[in-house]
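Novice: Okay, here's the structure, questions in a sec.
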Amino acid sequence: MSAFLDRLIRLAGGEPGAVRPLTRALRLNAKGQHLLLREKSRRQSVMSAETVHLLGLVLAGLTSVVLVLVMVMLRDLGEPPLAAVVLCGAHLLFLFTSVVGQIVPALLCDEDARVLGWWPLKRRDVLLARLATVLVPALQTTLALTAAPLLAFLFTGRPPVAAMLLLALAVLLQTLVVTFGTAAFTAGASRSLGQRRARRLAALVVDNNLAMLPFLVMPFLQPLGRWFKLHPGVLDWLPPVWFAAFAAPTGGLPALRGVALALSLCVIVGVIGWRFASGGGGSPATVPSQVAKVRRHPADLLPWLLRPWMRGREGWVVRRLLAAHLREDWRFAGNLLMIVVVDAAMLWYATRARHADRDVAETMLMGGSQVLLLLVMSLPYLSTFSSTPRALWIVALADLDPARLLAAQRGMVRGLAVVPVLAVFSVRSLHYGLGPEFLAVALLLLISETEVLLLIFQWFQPEMAFSREFTRDQSSQAIVRWFALAGVMAATMIVNLLAVSYLPVRFGLVAGFPLLFWFLRRRLARKVAGGRLNLAEISC
Amino acid sequence: MIHLNSLTRRFAALTAVDSLTAAIPAGAITALLGPNGAGKTTTLNMLTTLLDPSEGTATVAGHDIRTDGPAVRRAIGYVPEHGAVYEGLSADEYLDLSGRIRGLSSDEIHHRATPLLDRFDVAEARSRRLGTFSKGMLRKILVTAALLHRPAVLFLDEPMDGLDVRSQKELADLLAELAAGGTCIVYSSHVLQQVEEVCSRVLLIHAGRLRWEGSLADLQAAHAGHDLRDIFLELTADGTAP
C-alpha cells in the first residue's frame, strides 16, 4: 500500500519523502488547532472539524435515503436516466460544499507558504499534501451519499449490473474531478491574484458563505424549471449530466457524447489544471501583490448614512470601526453582505401573497417578523467579530461609556439591517394594497420587537463591536450558537404567530413592548456600568 | 559562499533593491544592515528564494537562486523575523516535520534537536503546542529547526528579538561556533550593539544600494574609530554618495 501511494505521488509530480510527512503534519495541525481553540473558548463548546464532518456524513446518509426513493420513482424516465442525473447533481452539490470549506481558505490564504516557503519543497508537494487531507473526507462523503442509491440502481438500471458499475465509476471520477479541480482552480487563482487579493477572496468564503448561495436561487426555482422545460438542450451542457451518461451504456450517440465530455473534463482538470495550479518545481512562496494607496472608499458612505442612529463620541468610534472593517476586513464584509442579501431574498420569498386562501396582511406580518428575527439573531453576533481585534487597544484606553457603546452597536444593526428590511416591507405592503393603518401598526410592532430582541441579545452578550477575533473554525461555533438560540427563536415565533392571528395580541404587544424596552435598557445600562465590554481581553 | 550579482527587485515604480553586487564569505557572521525600507528583507527574501529577482542573480552555496531554487532551499537554514508556524503542532512534531522534509530520520532529528533545545532551555516544553509558546520560545524552536540539517548557509532576521539575556548569549555563542565550523551566516538586525558583539563583517545597504561591504574592523578604522551607530547614521544620511 505504501509503495502504491508513493507511486501515485510520483505520478502526480510530487516527492513522497516530502508529501507524506507534510500530509501527516497538516492532519496533526488541524487536530491541534481545534484543541487550542477549545482551550481558549470560555464555554468549551467548539465543535471540531471532525465532528462537523461527521454531521455532514450523517446528513449525506439521510439524503441518500431520499435519493433511493428518487432512484425507484424515476427508474423509467429519461435518457440518460433521470435518476442518475439527480444522483450526480446531488453528489456534486454535497461534495463541492464540503471540499470548498476544507481546502479553499487554506490555499487562498497561502498558509503553507508562510510556514515553509523556504523549505526544500515544490509547490506541487504542498498542494498534494493539502489534497491528501481533503481526498479521504471527500471519498467518505461520496460513499455515505451514493452507496445506497447505487445499490437501488443495481435493480433499476438498464442493464442492471453494468449500468450500476458504470455509474459508480462516474461518481468516483466526479469526486476526483471536483476535489482536484477545486484545489487546482484555487491554487491557480492564488498565484494569479497575488497574496493580498487572494487572502481577501479567502475571507469571503471562509465561513461557508458559498453554501448559502443555493438559498438565493430558491425563489427562482419554479421559473427556472419552466425555462429548462422549454430549452431541454441546455441540460446536456451541465457536467453532472455528462457523468450521468455513464449509466446509459445502451444510450447510443447522446450517451457516448456525454461520456466523452466527462472524460475530457477529467483530462483537462487532471493534466492541464494540475500543471497550471502547481506550476512545476517552483517554490511554495507566492508573489506579494502591491498595496493600493489609501483614498476615499465607497464603503465609507455606509457609516456616514448611519449617523442618525450612531450619535455621540461612542457612535463616532463605532462608525469609524465599521468603516475600517468594511474597507479591509473582507471576512466581516463578506459575512455582512451574505446575511443581508440572503435575508432580503428570504423576505421577498416569504412575503409572496400568491395563495388566495391566505390573508395578505398575515403573510406580510409573519414573513417580515421571521426575517427580522433572523437578522437580529445574526447581525449583532457578527458585529462583535473582527480579524484585527487587537487594534482596539486604543479604544480600550479611551474613556467611553459602555452603555452608549452598546447603544451605538444597536444603532449599527438598526441602520444596516432593520431599516432596509422595513423599507422593503413597506414597499411590498403598499404594492399589495394594504392600508396605512396596517403599515403603522405592523411597523411599530416589528420595530419594538427588534429593539427588545437586540437588548436581550446584549444582555446575554454585552460585548464591544469588533472586539472578538474571528477564529479559524468560525462556522462550527456559529452552529453551536444557532442551536443555543433556537429556543429564543421558537418563543419569538410563537409570539409572532399569536400577534398575526389575534388582533388584540397585536395591539397588546405594541403597547407593552415600549415598556419592556425601557425596562431592559435600564437594566442593561446598570449591568455594564463601569465594565469593559470584552476590551479587557485585548492586550495592548 | 554567497555572491550577489547586480541583484535587483522592483515593485511597480519602486526599486527596493538596486543592482546589489557583493560577496559574503563562509566562516563569518555578516551583518545585513540598513534603515527601515532599505531593502534588507527584500534581499533576504530573494536569497532564500521566497521572491524572484527582477534583474541580476545570486548564488547561494554555489546554486543559482533563479535557476536552482530547490538546491538553494536544501542548502540553507532560515529564521524569519515573523516566523509563521503550524500552531496546532507540538514543538517535537514541528521539528520532526522540518527534519523529515530534509531527509533526516527520526533518530537523527531527536539526537540533533535535543542538545539545541537543552541549550535554549526549552526541552521541557517540546510536547506543548506551538500556539501556546511565547515569542521568545517560538524563536528558539525556529532556530533549532533551521539548524537541524546543518545548513551551509544560515539566514537570520532579527534573531535576538524576544529572547531573554541568557538565551541571547547562548545564541551568540552558538553562531560563533557555527561560523568557526565554516558556516556562512547572514545576520539582519536593527540592534547595532548586538551586531557589534556578534558579527565580524558588515553589508550596509540604503535605498536598495550598497553603502559598505567589508569587515567591521575595517569599517570602524575607515571612520576614525567612531562607534557603529555614528557610522551607520553617516552612511545612511540622505544624499551620501555610495
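All residue names refer to the C-alpha cells as shown: chains lettered A, B, ... in order, residues numbered from 1 in each chain, ligands numbered from 1 in order.
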Give me, as an MDAnalysis selection string, the contact residues of chain A against chain B at a cut-off of 6 Å, counting only C-alpha atoms.
Specialist: chainID A and resid 18 29 32:33 114:115 118:120 285
Novice: Leaving out Leu306 in chain A and any residue of its chain fewer than 6 positions from it, which residues lie within 10 Å of it when counting only C-alpha atoms, given as a ChimeraX atom specification?
Specialist: /A:315,319,408,411-416
Novice: Can you pull out the residues contacting Phe246 in chain A? Cut-off 7 Å, using only C-alpha atoms, and skip same-chain residues under 6 positions away; I want them as a PyMOL selection string.
Specialist: chain A and resi 166-167+170+259
Novice: I'd like the neighbourhood of range 104-107 of chain A as a list in words, where a residue qualifies if any of its atoms comes within 10 Å (using only C-alpha atoms), though same-chain residues fewer than 6 positions away should be ignored.
Specialist: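 Using only C-alpha atoms, the neighbours found are Ala113, Val126, Leu127, Arg130, Thr182, Ala183, Ala184, Phe185, Thr186, Ala187, Gly188, Ala189, Ser190, Arg191, Ala198, Arg199, Arg200, Leu201, Ala202, Ala203, Leu204, Val205, Val206, Asp207, Asn208 and Arg472 of chain A.
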Novice: Quick one: DSSP alpha helix (DSSP H) residues in range 74-236 of chain B, as a count of residues only?
Specialist: 78
Novice: Interatomic distance between CA of Leu430 in chain A and CA of Gly367 in chain A?
Specialist: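 Result for CA of Leu430 in chain A versus CA of Gly367 in chain A: 15.2 Å, one decimal.
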Novice: How would you write, as a short mmCIF file (atom, residue, chain, number, x, y, z; two decimals) with C-alpha atoms, in the first residue's frame, the set of residues in range 25-242 of chain B that DSSP gives as strand (DSSP E or B)?
Specialist:
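states_1.cif, written as the output of this step:
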```cif
data_model
loop_
_atom_site.label_atom_id
_atom_site.label_comp_id
_atom_site.auth_asym_id
_atom_site.auth_seq_id
_atom_site.Cartn_x
_atom_site.Cartn_y
_atom_site.Cartn_z
CA ILE B 29 28.92 36.22 10.55
CA THR B 30 27.94 39.01 8.18
CA ALA B 31 25.56 41.71 9.38
CA LEU B 32 23.00 42.92 6.87
CA LEU B 33 22.35 46.50 7.97
CA GLU B 55 17.12 41.52 -12.72
CA GLY B 56 20.53 40.09 -11.86
CA THR B 57 21.02 36.98 -9.81
CA ALA B 58 22.87 35.49 -6.86
CA THR B 59 24.43 32.18 -5.98
CA VAL B 60 23.98 30.64 -2.55
CA HIS B 63 23.46 27.31 -6.53
CA ASP B 64 21.79 29.98 -8.62
CA ILE B 76 20.03 26.98 3.69
CA GLY B 77 18.54 27.45 7.12
CA TYR B 78 16.36 30.49 7.74
CA VAL B 79 14.95 32.15 10.83
CA SER B 90 3.80 20.48 19.18
CA ARG B 129 1.62 23.08 21.03
CA VAL B 153 24.29 28.94 4.85
CA LEU B 154 22.21 30.37 7.67
CA PHE B 155 19.98 33.45 7.33
CA LEU B 156 18.74 35.15 10.49
CA ASP B 157 16.30 38.08 10.56
CA CYS B 184 28.16 31.21 6.23
CA ILE B 185 25.86 33.31 8.43
CA VAL B 186 23.85 36.37 7.35
CA TYR B 187 22.53 38.31 10.32
CA SER B 188 19.96 41.03 9.70
CA ARG B 201 31.57 41.63 8.70
CA VAL B 202 29.07 44.23 7.51
CA LEU B 203 26.96 44.64 4.39
CA LEU B 204 25.25 48.01 4.68
CA ILE B 205 22.51 48.98 2.24
CA HIS B 206 20.50 52.15 1.90
CA ARG B 209 22.04 50.28 -2.89
CA LEU B 210 25.24 49.01 -1.32
CA ARG B 211 26.91 51.53 1.02
CA TRP B 212 29.58 49.40 2.63
CA GLU B 213 30.95 45.90 2.30
CA GLY B 214 33.79 44.57 4.41
CA SER B 215 34.92 43.69 7.90
#
```
Novice: If you count only C-alpha atoms, which residues fall within 8 Å of Ala125 in chain B, apart from same-chain ones fewer than 3 positions away, as a short mmCIF file (atom, residue, chain, number, x, y, z; two decimals) with N, CA and C atoms, in the first residue's frame?
Specialist:
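Wrote part15.cif, looks like this:
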```
data_model
loop_
_atom_site.label_atom_id
_atom_site.label_comp_id
_atom_site.auth_asym_id
_atom_site.auth_seq_id
_atom_site.Cartn_x
_atom_site.Cartn_y
_atom_site.Cartn_z
N ALA B 91 6.07 21.27 19.54
CA ALA B 91 7.44 21.59 19.10
C ALA B 91 8.10 20.36 18.50
N VAL B 122 14.43 24.96 26.42
CA VAL B 122 13.03 24.73 26.05
C VAL B 122 12.71 23.24 25.91
N ARG B 128 4.57 20.66 24.04
CA ARG B 128 3.48 21.64 24.03
C ARG B 128 3.21 22.15 22.61
#
```
Novice: Would you mind reading off the distance between CA of Ile268 in chain A and CA of Pro240 in chain A, one decimal, in Å?
Specialist: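 For CA of Ile268 in chain A relative to CA of Pro240 in chain A, the distance reads 16.0 Å.
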Novice: Can you pull out the residues contacting Arg428 in chain A? Cut-off 10 Å, using only C-alpha atoms, and skip same-chain residues under 6 positions away; I want them as a list in words.
Specialist: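 Contacts, in chain order: Leu347, Trp348, Thr351, Arg352, Met364, Leu422 and Leu434 of chain A.
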Novice: Could you state the separation of CA of Cys266 in chain A and CA of Leu173 in chain A in Å, given to one decimal place?
Specialist: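 Going from CA of Cys266 in chain A over to CA of Leu173 in chain A, I get 7.4 Å.
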